[in-house]
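A short write-up of the structure that comes next.
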Amino acid sequence: MRSRVLPALAVVLTLAAATPAVADPDWAIVPEGGPTKAPAVPANPQQERPTAGSGYVPWQKALPGSARVVRERRLGPRTLDILISSPSIGRMMPVRLLLPKGWSKSARRTWPVLYLLHGGADDYTSWTRMTDVAAFTENVDAIVVMPEAGRAGNYSDWHNAGRGGAPKWATFHTYEVRRLVEIGYRGGTRRAVAGLSMGAYGAMKYAARYPGMFRFAGSYSGILATRLPGVPEIIMNAQASEKQNPKALWGDPVKDAKVWAMNDPMALAPGLKGTSLYISSGTTSFLGPLDPPGSPWHPAHLGEPISAYTAKALSRRLNGLGIRHTLNLYSNGTHTWPYWTREFKASFPMILSALGLKGGAKDGWRLSSGR
């Protein structure tokens, strides 16, 4: 039975929702001040190369040297995309920023920063494409950062059979992106991080792996204990479904147990002390109150009971460590954006409080007990 179930569960980590990601071709075809008519989108965006005069594009090979911003793209009064030549990834990586009112590069002040991480089989545009986060944060005095993380990057520096090397997603996000935002875009040192599905895992792991870097971590339907029975097989099947070597990520679960532990939020849980924590998940994979009547069921919805399984384990671990946290397990509900958006907004008072902004929750605010 288990052998038949695992392939179906592989979609959990690689599909953040049943809706596929939408391509974002503008970088390759609309240089600043250039024409707006688009040619065909390449079948494999990782093989894109810029057309004459178009400048650098996402997934192009990185330039030699240190990480740096090589291009900017304004999409609106608040929305700014930046393109980073990343030695950690070996490619040009896009990051989307939502800028607060009054922001400028030459400002004498800095702003707190909220990092929003995307799920599997999606990209850095997902939060603005699938939610009203731009309107919701319009009057929030903070910078919102949404970095690219790959379809199956899993917010990790890959083991690659012990050789290391690219991709180093954790280094890209917590060092390169963070430093560039703080040096060149007036980001401050008060930070919060939240994500959905694969990004939920990333948010909790980053907060645990780098204690003190983030004052808040929010996980909406993420795998938070990577070594529980059955979970390593799910992760490796998910990587294989994205045509990746299943062991390139963290190695073999047994032979490379230390590497797996270094990427397991439950093993890293002591590092979460002092961080405001919000953890949520559905528990059944069944349609819930935010699903239109008659909506088709999708295997990705199995992400909910699996994430709940790991959330309960992490919650027990946190309780044992005396680390306060909010745990919201809401029964029915699918592995889709309406629930992640609802949970993001439910946790938003905690985010504001962590960032030191008006409207934040009082100390000890909880939606439900961490049990």
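Labeling convention for the structure tokens: chains A, B, ... as they appear, residues from 1 per chain, ligands from 1 in order of appearance.
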- prompt: Excluding same-chain residues fewer than 4 positions from Tyr278 of chain A, what lies within 9 Å of it counting only C-alpha atoms, as a list in words?
  reply: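 In the requested form, the answer reads Ala194, Phe216, Ala217, Gly218, Ser219, Tyr220, His325, Thr326, Leu327, Asn328, Ser347, Met350 and Arg366 of chain A.
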task: Write out as a PyMOL selection string which residues come within 9 Å of Val69 of chain A when counting only C-alpha atoms, dropping same-chain ones fewer than 2 positions away.
output: chain A and resi 67+71-72+82-86+180+184
Keeping only N, CA and C atoms, write the selected residues as a PDB file, in the first residue's frame.
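As written to disk, part26.pdb reads:
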ATOM      1  N   ALA A  67      27.865  38.546  -5.502  1.00  0.00           N
ATOM      2  CA  ALA A  67      26.460  38.798  -5.796  1.00  0.00           C
ATOM      3  C   ALA A  67      26.216  40.293  -5.952  1.00  0.00           C
ATOM      4  N   ARG A  71      20.062  44.387 -12.747  1.00  0.00           N
ATOM      5  CA  ARG A  71      18.962  44.983 -13.490  1.00  0.00           C
ATOM      6  C   ARG A  71      17.786  45.238 -12.555  1.00  0.00           C
ATOM      7  N   GLU A  72      17.017  46.269 -12.858  1.00  0.00           N
ATOM      8  CA  GLU A  72      15.788  46.565 -12.142  1.00  0.00           C
ATOM      9  C   GLU A  72      14.644  46.691 -13.150  1.00  0.00           C
ATOM     10  N   ILE A  82      14.038  43.094  -9.002  1.00  0.00           N
ATOM     11  CA  ILE A  82      15.477  43.228  -9.168  1.00  0.00           C
ATOM     12  C   ILE A  82      16.033  41.883  -9.625  1.00  0.00           C
ATOM     13  N   LEU A  83      17.096  41.935 -10.399  1.00  0.00           N
ATOM     14  CA  LEU A  83      17.731  40.728 -10.915  1.00  0.00           C
ATOM     15  C   LEU A  83      19.129  40.645 -10.322  1.00  0.00           C
ATOM     16  N   ILE A  84      19.389  39.548  -9.615  1.00  0.00           N
ATOM     17  CA  ILE A  84      20.653  39.389  -8.902  1.00  0.00           C
ATOM     18  C   ILE A  84      21.520  38.351  -9.606  1.00  0.00           C
ATOM     19  N   SER A  85      22.750  38.740  -9.906  1.00  0.00           N
ATOM     20  CA  SER A  85      23.737  37.772 -10.382  1.00  0.00           C
ATOM     21  C   SER A  85      24.252  37.045  -9.152  1.00  0.00           C
ATOM     22  N   SER A  86      23.870  35.766  -9.016  1.00  0.00           N
ATOM     23  CA  SER A  86      24.120  35.038  -7.780  1.00  0.00           C
ATOM     24  C   SER A  86      25.170  33.947  -7.955  1.00  0.00           C
ATOM     25  N   LEU A 180      21.908  42.474   0.021  1.00  0.00           N
ATOM     26  CA  LEU A 180      21.654  43.431  -1.060  1.00  0.00           C
ATOM     27  C   LEU A 180      20.448  44.306  -0.756  1.00  0.00           C
ATOM     28  N   GLY A 184      21.425  48.122  -0.481  1.00  0.00           N
ATOM     29  CA  GLY A 184      21.010  48.959  -1.602  1.00  0.00           C
ATOM     30  C   GLY A 184      19.573  49.421  -1.629  1.00  0.00           C
TER      31      GLY A 184
END
query: segment 66-280 of chain A: which residues are strand (DSSP E or B) by DSSP, as JSON, numbers by chain?
result: {"A": [68, 69, 70, 71, 72, 73, 74, 79, 80, 81, 82, 83, 84, 85, 86, 91, 92, 93, 94, 95, 96, 97, 98, 111, 112, 113, 114, 115, 116, 117, 143, 144, 145, 146, 147, 157, 168, 187, 188, 189, 190, 191, 192, 193, 194, 195, 196, 216, 217, 218, 219, 220, 276, 277, 278, 279, 280]}
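Neighbouring residues of Met262 of chain A at 8 Å or closer, counting only C-alpha atoms and skipping chain neighbours under 5 positions away, are Arg209, Ala267 and Leu268 of chain A.
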Give me a file of those residues, with N, CA, C and O atoms, as a PDB file, in the first residue's frame.
ATOM      1  N   ARG A 209      17.402  27.753  11.761  1.00  0.00           N
ATOM      2  CA  ARG A 209      18.811  27.548  11.391  1.00  0.00           C
ATOM      3  C   ARG A 209      19.660  28.788  11.660  1.00  0.00           C
ATOM      4  O   ARG A 209      20.859  28.689  11.957  1.00  0.00           O
ATOM      5  N   ALA A 267      14.599  19.192  14.330  1.00  0.00           N
ATOM      6  CA  ALA A 267      15.917  19.036  14.935  1.00  0.00           C
ATOM      7  C   ALA A 267      16.515  20.393  15.305  1.00  0.00           C
ATOM      8  O   ALA A 267      17.259  20.513  16.282  1.00  0.00           O
ATOM      9  N   LEU A 268      16.171  21.406  14.523  1.00  0.00           N
ATOM     10  CA  LEU A 268      16.707  22.748  14.740  1.00  0.00           C
ATOM     11  C   LEU A 268      15.850  23.584  15.686  1.00  0.00           C
ATOM     12  O   LEU A 268      16.145  24.757  15.927  1.00  0.00           O
TER      13      LEU A 268
END
